[in-house]
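upload.txt (compact mmCIF, C-alpha atoms) appears below.
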# COMPACT_ATOMS: atom_id res chain seq x y z
CA MET A 18 -34.82 1.62 -8.35
CA SER A 19 -32.46 -0.30 -6.10
CA ARG A 20 -29.34 1.15 -7.68
CA HIS A 21 -30.33 4.46 -6.07
CA VAL A 22 -30.09 3.07 -2.53
CA ALA A 23 -26.88 4.40 -0.97
CA ILE A 24 -24.97 2.66 1.82
CA VAL A 25 -23.37 4.80 4.54
CA THR A 26 -21.37 3.48 7.48
CA ASP A 27 -18.71 4.97 9.74
CA SER A 28 -14.95 4.79 9.87
CA THR A 29 -14.89 2.06 12.53
CA ALA A 30 -16.10 -0.50 9.96
CA TYR A 31 -12.48 -0.76 8.72
CA LEU A 32 -13.57 -1.96 5.31
CA PRO A 33 -10.86 -2.40 2.68
CA GLN A 34 -10.80 0.70 0.45
CA GLN A 35 -11.19 -1.45 -2.65
CA ALA A 36 -14.40 -2.99 -1.28
CA MET A 37 -15.81 0.43 -0.42
CA GLU A 38 -15.12 1.73 -3.90
CA ARG A 39 -16.51 -1.37 -5.59
CA HIS A 40 -19.79 -1.15 -3.67
CA GLY A 41 -20.00 2.65 -3.42
CA ILE A 42 -20.00 2.64 0.39
CA THR A 43 -19.40 5.94 2.21
CA ALA A 44 -17.73 5.97 5.65
CA VAL A 45 -18.33 8.96 7.92
CA PRO A 46 -15.22 9.54 10.09
CA LEU A 47 -15.09 9.54 13.87
CA THR A 48 -12.59 11.81 15.60
CA VAL A 49 -9.52 11.03 17.68
CA VAL A 50 -8.14 13.70 20.02
CA LEU A 51 -4.40 13.39 20.65
CA GLY A 52 -3.50 15.83 23.38
CA ASP A 53 -5.20 18.99 22.11
CA ARG A 54 -5.38 17.98 18.42
CA ALA A 55 -8.69 16.71 16.99
CA LEU A 56 -8.04 14.48 13.98
CA GLU A 57 -10.31 12.52 11.63
CA GLU A 58 -9.91 8.76 11.64
CA GLY A 59 -8.78 7.34 8.34
CA THR A 60 -7.34 10.54 6.87
CA GLU A 61 -5.57 12.52 9.56
CA VAL A 62 -4.43 10.00 12.18
CA SER A 63 -3.19 6.41 12.01
CA ALA A 64 -3.57 3.58 14.46
CA ARG A 65 0.21 3.47 14.79
CA SER A 66 0.25 7.12 15.89
CA VAL A 67 -2.36 6.30 18.53
CA ALA A 68 -0.37 3.29 19.75
CA GLN A 69 2.74 5.43 20.11
CA ALA A 70 0.79 8.16 21.92
CA LEU A 71 -0.65 5.62 24.37
CA GLN A 72 2.82 4.22 25.04
CA ARG A 73 3.99 7.78 25.79
CA ARG A 74 0.91 8.19 28.05
CA THR A 75 -0.34 11.09 25.93
CA SER A 76 -4.03 11.81 26.45
CA VAL A 77 -6.06 10.03 23.76
CA THR A 78 -9.85 10.34 23.51
CA THR A 79 -12.43 9.81 20.79
CA SER A 80 -15.66 11.48 19.74
CA ARG A 81 -18.58 10.72 17.46
CA PRO A 82 -19.22 12.51 14.16
CA SER A 83 -21.51 15.51 14.52
CA PRO A 84 -25.07 15.35 13.17
CA ALA A 85 -23.96 18.01 10.68
CA THR A 86 -21.30 15.65 9.32
CA PHE A 87 -23.90 12.96 8.77
CA ALA A 88 -26.28 15.48 7.23
CA ALA A 89 -23.60 16.42 4.70
CA ALA A 90 -23.04 12.76 3.82
CA TYR A 91 -26.77 12.21 3.32
CA ARG A 92 -27.08 15.33 1.14
CA ALA A 93 -24.14 14.19 -0.97
CA ALA A 94 -25.73 10.77 -1.48
CA ALA A 95 -29.04 12.36 -2.51
CA GLU A 96 -27.30 14.75 -4.89
CA ALA A 97 -25.53 11.77 -6.45
CA GLY A 98 -28.92 10.22 -7.24
CA ALA A 99 -29.87 8.18 -4.16
CA ASP A 100 -33.55 8.10 -3.34
CA GLY A 101 -32.96 6.14 -0.13
CA ILE A 102 -30.06 5.57 2.27
CA VAL A 103 -29.14 2.74 4.64
CA SER A 104 -26.90 4.10 7.41
CA LEU A 105 -25.16 1.35 9.40
CA HIS A 106 -23.16 2.07 12.53
CA LEU A 107 -21.17 0.72 15.42
CA SER A 108 -22.92 -0.28 18.60
CA ALA A 109 -24.85 2.48 20.35
CA GLU A 110 -23.72 0.86 23.61
CA ILE A 111 -20.16 2.03 23.01
CA SER A 112 -20.56 5.21 20.92
CA GLY A 113 -22.95 8.07 20.30
CA THR A 114 -22.45 7.72 16.54
CA TYR A 115 -25.85 6.08 16.01
CA ASP A 116 -27.61 8.89 17.87
CA ALA A 117 -25.90 11.51 15.71
CA ALA A 118 -26.97 9.68 12.56
CA VAL A 119 -30.58 9.48 13.79
CA LEU A 120 -30.66 13.24 14.38
CA ALA A 121 -29.30 13.94 10.90
CA ALA A 122 -31.68 11.47 9.25
CA ARG A 123 -34.70 13.49 10.41
CA GLU A 124 -33.72 16.36 8.13
CA ALA A 125 -32.31 14.33 5.21
CA PRO A 126 -33.71 15.07 1.72
CA VAL A 127 -34.44 11.35 1.14
CA PRO A 128 -35.54 8.51 3.47
CA VAL A 129 -32.72 7.27 5.70
CA ARG A 130 -32.87 4.02 7.66
CA VAL A 131 -30.35 4.20 10.51
CA VAL A 132 -29.32 0.83 11.95
CA ASP A 133 -27.53 0.14 15.23
CA THR A 134 -25.73 -3.06 14.22
CA GLY A 135 -24.43 -3.71 17.74
CA MET A 136 -21.10 -4.40 16.02
CA VAL A 137 -17.75 -2.72 15.41
CA ALA A 138 -14.73 -3.17 13.11
CA MET A 139 -15.27 -5.74 10.35
CA ALA A 140 -18.25 -7.12 12.28
CA LEU A 141 -19.83 -3.83 11.18
CA GLY A 142 -18.05 -3.96 7.83
CA PHE A 143 -19.58 -7.31 6.90
CA CYS A 144 -23.04 -5.86 7.63
CA ALA A 145 -22.35 -2.97 5.28
CA LEU A 146 -21.15 -5.37 2.59
CA SER A 147 -24.31 -7.48 2.90
CA ALA A 148 -26.48 -4.40 2.51
CA ALA A 149 -24.47 -3.23 -0.50
CA GLU A 150 -24.56 -6.66 -2.15
CA THR A 151 -28.33 -6.81 -1.66
CA VAL A 152 -28.75 -3.43 -3.33
CA GLY A 153 -26.40 -4.49 -6.11
CA THR A 154 -28.58 -7.50 -6.96
CA GLY A 155 -31.80 -5.50 -7.10
CA GLY A 156 -32.77 -5.36 -3.44
CA THR A 157 -34.89 -2.56 -2.01
CA LEU A 158 -34.13 -0.26 0.91
CA ASP A 159 -36.02 -2.53 3.30
CA GLU A 160 -34.31 -5.63 1.94
CA ALA A 161 -30.88 -4.05 2.39
CA VAL A 162 -31.70 -3.21 6.01
CA ALA A 163 -32.94 -6.76 6.59
CA ALA A 164 -29.77 -8.23 5.08
CA ALA A 165 -27.56 -6.10 7.33
CA GLU A 166 -29.57 -6.97 10.43
CA LYS A 167 -29.49 -10.68 9.58
CA ARG A 168 -25.72 -10.54 9.10
CA ALA A 169 -25.28 -8.73 12.41
CA GLU A 170 -27.34 -11.36 14.21
CA ALA A 171 -25.13 -14.15 12.86
CA THR A 172 -21.79 -12.42 13.43
CA SER A 173 -19.51 -12.90 16.44
CA ALA A 174 -16.43 -10.99 17.53
CA TYR A 175 -13.79 -12.05 20.04
CA PHE A 176 -10.61 -10.28 21.00
CA TYR A 177 -7.57 -10.40 23.20
CA VAL A 178 -5.93 -7.35 24.77
CA ASP A 179 -2.75 -7.13 26.79
CA THR A 180 -4.55 -5.03 29.41
CA LEU A 181 -8.09 -3.84 30.13
CA ASP A 182 -6.78 -0.49 31.36
CA TYR A 183 -7.43 1.37 28.09
CA LEU A 184 -11.00 0.06 27.85
CA ARG A 185 -11.57 1.06 31.48
CA ARG A 186 -10.19 4.58 30.94
CA GLY A 187 -12.51 5.11 27.99
CA GLY A 188 -15.54 3.80 29.85
CA ARG A 189 -16.02 0.90 27.40
CA ILE A 190 -15.79 -1.73 30.11
CA GLY A 191 -16.79 -1.59 33.74
CA ALA A 192 -14.25 -0.94 36.47
CA ALA A 193 -15.23 -4.19 38.20
CA GLN A 194 -14.56 -6.20 35.02
CA ALA A 195 -11.27 -4.40 34.50
CA MET A 196 -10.21 -5.13 38.07
CA LEU A 197 -11.22 -8.77 37.69
CA GLY A 198 -9.24 -9.02 34.47
CA SER A 199 -6.17 -7.57 36.18
CA ALA A 200 -6.31 -9.95 39.12
CA LEU A 201 -3.39 -12.36 39.30
CA ALA A 202 -2.03 -10.86 36.06
CA VAL A 203 -4.39 -12.93 33.92
CA LYS A 204 -4.85 -12.19 30.23
CA PRO A 205 -8.38 -11.24 29.19
CA LEU A 206 -10.44 -12.56 26.31
CA LEU A 207 -13.44 -10.39 25.45
CA GLN A 208 -16.48 -10.59 23.20
CA LEU A 209 -19.18 -8.37 21.77
CA ASP A 210 -22.39 -9.33 23.52
CA GLY A 211 -25.59 -7.35 23.10
CA GLY A 212 -23.55 -4.52 21.64
CA ARG A 213 -21.36 -4.32 24.73
CA ILE A 214 -17.77 -5.35 25.33
CA GLU A 215 -17.86 -8.13 27.91
CA LEU A 216 -15.15 -10.12 29.64
CA LEU A 217 -15.47 -13.68 28.32
CA GLU A 218 -12.61 -15.63 29.86
CA LYS A 219 -9.44 -15.09 31.88
CA VAL A 220 -6.35 -16.98 30.70
CA ARG A 221 -3.03 -17.20 32.49
CA THR A 222 -0.66 -16.22 29.68
CA ALA A 223 -0.75 -14.34 26.39
CA SER A 224 0.15 -17.45 24.36
CA LYS A 225 -2.63 -19.46 25.98
CA ALA A 226 -5.10 -16.60 25.47
CA ILE A 227 -4.28 -16.42 21.76
CA ALA A 228 -4.54 -20.20 21.43
CA ARG A 229 -7.96 -20.04 23.11
CA LEU A 230 -8.99 -17.21 20.75
CA GLU A 231 -8.12 -19.46 17.82
CA GLU A 232 -10.22 -22.31 19.24
CA LEU A 233 -13.20 -20.00 19.73
CA VAL A 234 -13.00 -18.86 16.12
CA VAL A 235 -12.75 -22.42 14.77
CA GLU A 236 -15.67 -23.58 16.91
CA ARG A 237 -17.84 -20.63 15.92
CA ALA A 238 -16.96 -20.85 12.22
CA GLY A 239 -18.06 -24.48 11.90
CA VAL A 240 -18.08 -25.94 8.40
CA SER A 241 -20.52 -23.66 6.56
CA SER A 242 -19.48 -20.75 4.35
CA VAL A 243 -18.03 -18.02 6.56
CA ASP A 244 -16.07 -14.78 6.28
CA ILE A 245 -13.43 -14.02 8.90
CA ALA A 246 -11.50 -10.87 9.72
CA VAL A 247 -8.40 -10.81 11.90
CA HIS A 248 -7.66 -7.43 13.44
CA HIS A 249 -4.68 -6.22 15.41
CA LEU A 250 -2.97 -3.12 16.76
CA ASP A 251 0.83 -3.11 16.62
CA ALA A 252 0.79 -6.93 16.51
CA GLU A 253 1.13 -7.76 12.82
CA ALA A 254 3.13 -10.96 13.29
CA ARG A 255 0.56 -12.36 15.72
CA ALA A 256 -2.25 -11.49 13.31
CA GLU A 257 -0.59 -13.09 10.29
CA GLN A 258 0.21 -16.25 12.27
CA LEU A 259 -3.38 -16.53 13.48
CA ALA A 260 -4.72 -15.94 9.98
CA GLU A 261 -2.53 -18.65 8.52
CA ARG A 262 -3.68 -21.17 11.11
CA LEU A 263 -7.32 -20.27 10.45
CA ARG A 264 -6.83 -20.77 6.70
CA GLN A 265 -5.77 -24.32 7.48
CA ARG A 266 -8.41 -25.07 10.10
CA VAL A 267 -11.68 -23.50 8.86
CA PRO A 268 -13.10 -25.72 6.08
CA GLY A 269 -15.85 -23.30 5.04
CA LEU A 270 -13.67 -20.21 4.86
CA ALA A 271 -14.85 -17.89 2.08
CA GLU A 272 -12.87 -14.69 2.63
CA LEU A 273 -10.28 -13.80 5.24
CA HIS A 274 -9.27 -10.19 5.86
CA VAL A 275 -6.24 -9.23 7.95
CA SER A 276 -5.91 -5.60 8.98
CA GLU A 277 -4.75 -3.24 11.68
CA VAL A 278 -7.64 -1.52 13.41
CA GLY A 279 -8.04 2.20 13.01
CA ALA A 280 -7.25 4.93 15.47
CA VAL A 281 -10.61 4.97 17.26
CA ILE A 282 -10.68 1.32 18.28
CA GLY A 283 -6.94 1.42 18.91
CA ALA A 284 -7.41 4.27 21.37
CA HIS A 285 -9.64 2.08 23.53
CA THR A 286 -7.86 -1.27 23.26
CA GLY A 287 -4.19 -0.28 23.28
CA PRO A 288 -1.22 -1.93 21.55
CA GLY A 289 -1.21 -5.72 21.42
CA LEU A 290 -4.86 -6.12 20.42
CA LEU A 291 -5.63 -9.30 18.50
CA GLY A 292 -9.21 -9.85 17.44
CA ALA A 293 -11.29 -12.04 15.16
CA VAL A 294 -14.68 -11.52 13.55
CA ILE A 295 -16.64 -14.57 12.40
CA SER A 296 -19.47 -13.81 9.99
CA PRO A 297 -21.39 -16.70 8.40
CA ARG A 298 -22.82 -16.10 4.94
CA ALA A 299 -26.55 -16.61 4.43
Let me see the file written as structure tokens.
Amino acid sequence: MSRHVAIVTDSTAYLPQQAMERHGITAVPLTVVLGDRALEEGTEVSARSVAQALQRRTSVTTSRPSPATFAAAYRAAAEAGADGIVSLHLSAEISGTYDAAVLAAREAPVPVRVVDTGMVAMALGFCALSAAETVGTGGTLDEAVAAAEKRAEATSAYFYVDTLDYLRRGGRIGAAQAMLGSALAVKPLLQLDGGRIELLEKVRTASKAIARLEELVVERAGVSSVDIAVHHLDAEARAEQLAERLRQRVPGLAELHVSEVGAVIGAHTGPGLLGAVISPRA
């Protein structure tokens, strides 16, 4: 029966804890390495710690969960009564997390459908929520996968960073794009496109870049029912101000989440990140 379909994602979905508990969603943690210390995202290291480490120029890297970690999560779901699992993860273009999940799924005690959403942060989180809501209303394993994939297809993510240097260091954006973004001290706006982080526009100042980010969100949201998430790293005031303006300007706004990104995404974007996820409801 559909109530036995479990939903697994990873820690970069940045779902509110209350939503995860309500829908029974499990998040497998990625790892952040600060200097010589390997720490689990969500339990052992905070985004603020990562921001401070980056500002001190401490070495910060990230790594995917091991297949064994996924295998343990799948076994736990099966032991709790699941006879099928939907495993939804951040873009395979920017992490090996999907590959690790695929390896573990081959040996799982129940069928596991692993999905590369091409998303990250709440763009991934909204996909997990759609899958969980489908299961909660009687949907099957295949229907939950279809709901997540449909949500991913409709979802957009834009973000502003103070510098592309952190993305370049982590290999999440090409050196040529990083150099272009640094030319003439312009401020970069980026988007998720085909699962990759791509330079969208170059704006002359931070204030103009954030104003342009707002316009992109309003244009993309339109007037239909839409969920929005505003993310930041060490930029809470900016995030709250943007969220308040979006509440006033998006007529079809259903839910709006404001949160600081976790340590993994923070390690690659650096302090000052301001992002927005626009996810229309079906």
Mind running range 223-271 of chain A against range 61-74 of chain A at 12 Å and telling me each contacting residue's nearest atom pair with the distance in Å (one decimal), counting all atoms listed in the file, chain and number ascending, as a tab-separated table?
residue	atom	partner	partner_atom	distance
A:His248	CA	A:Ala64	CA	11.8
A:His249	CA	A:Ala64	CA	9.9
A:Leu250	CA	A:Ala64	CA	7.1
A:Asp251	CA	A:Arg65	CA	6.9
A:Ala252	CA	A:Arg65	CA	10.6
A:Glu253	CA	A:Arg65	CA	11.4
**Study point:** All residues 9 Å or closer to Ala174 in chain A, all atoms listed in the file, same chain fewer than 6 positions away omitted, as number ranges by chain
**Key:** A: 136-137, 139-140, 207-210, 234, 292-296
Check your understanding: At a cut-off of 12 Å from (-6.4, -21.2, 25.0) in the coordinates of the file, what residues are picked up using only C-alpha atoms, written as a VMD selection string?
Key -> chain A and resid 177 204 to 206 218 to 234
Using all atoms listed in the file, which residues of range 180-296 of chain A come within 9 Å of range 78-85 of chain A, and what is the closest atom pair for each, with the distance in Å to one decimal? Give it as a Markdown table, sorted by chain and residue number.
| residue | atom | partner | partner_atom | distance |
| --- | --- | --- | --- | --- |
| A:Gly187 | CA | A:Thr78 | CA | 7.4 |
| A:Ala280 | CA | A:Thr79 | CA | 8.9 |
| A:Val281 | CA | A:Thr79 | CA | 6.3 |
| A:Ala284 | CA | A:Thr78 | CA | 6.9 |
| A:His285 | CA | A:Thr78 | CA | 8.3 |
Residues within 7 Å of range 102-113 of chain A, all atoms listed in the file, excluding chain neighbours under 4 positions, as a compact mmCIF listing (two decimals) with C-alpha atoms, in the frame of the given file:
# COMPACT_ATOMS: atom_id res chain seq x y z
CA VAL A 22 -30.09 3.07 -2.53
CA ALA A 23 -26.88 4.40 -0.97
CA ILE A 24 -24.97 2.66 1.82
CA VAL A 25 -23.37 4.80 4.54
CA THR A 26 -21.37 3.48 7.48
CA ASP A 27 -18.71 4.97 9.74
CA ARG A 81 -18.58 10.72 17.46
CA ALA A 117 -25.90 11.51 15.71
CA PRO A 128 -35.54 8.51 3.47
CA VAL A 129 -32.72 7.27 5.70
CA ARG A 130 -32.87 4.02 7.66
CA VAL A 131 -30.35 4.20 10.51
CA VAL A 132 -29.32 0.83 11.95
CA ASP A 133 -27.53 0.14 15.23
CA THR A 134 -25.73 -3.06 14.22
CA GLY A 135 -24.43 -3.71 17.74
CA MET A 136 -21.10 -4.40 16.02
CA VAL A 137 -17.75 -2.72 15.41
CA LEU A 141 -19.83 -3.83 11.18
CA ALA A 145 -22.35 -2.97 5.28
CA LEU A 158 -34.13 -0.26 0.91
CA VAL A 162 -31.70 -3.21 6.01
CA ARG A 189 -16.02 0.90 27.40
CA GLY A 212 -23.55 -4.52 21.64
CA ARG A 213 -21.36 -4.32 24.73
Revision key, fill the gap. Residue with the minimum atom-to-atom distance to Ser242 in chain A, picked from A:Ala299, A:Glu57, A:His21, A:Ala93 with only C-alpha atoms counted, is A:Ala299
Exercise for review: Grab the CA of Glu277 in chain A to CA of Val119 in chain A distance for me, in Å with one decimal place.
Suggested key: 28.9 Å
Point to revise | Proximity to Ile42 in chain A - best of A:Ala122, A:Val235, A:Ala89, A:Ala148, all atoms listed in the file | key: A:Ala148
Point to revise | Which residue of A:Glu257, A:Glu150, A:Glu166, A:Asp179 approaches His40 in chain A most closely, using all atoms listed in the file | key: A:Glu150
Study note, to complete from the structure: Using all atoms listed in the file, the best pick from A:Ala97, A:Asp159, A:Phe143, A:Leu47 as closest to Tyr115 in chain A would be A:Leu47
Check your understanding: Rounded to one decimal in Å, what is the spacing between CA of Ala138 in chain A and CA of Tyr31 in chain A?
Key ->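 Answer for the CA of Ala138 in chain A to CA of Tyr31 in chain A separation: 5.5 Å.
CA of Ala30 in chain A is positioned 4.5 Å from CA of Gly142 in chain A.
In this comparison, which uses only C-alpha atoms, the residue of A:Glu58, A:Ala161, A:Ala271, A:Gly289 approaching Thr180 in chain A most closely is A:Gly289.
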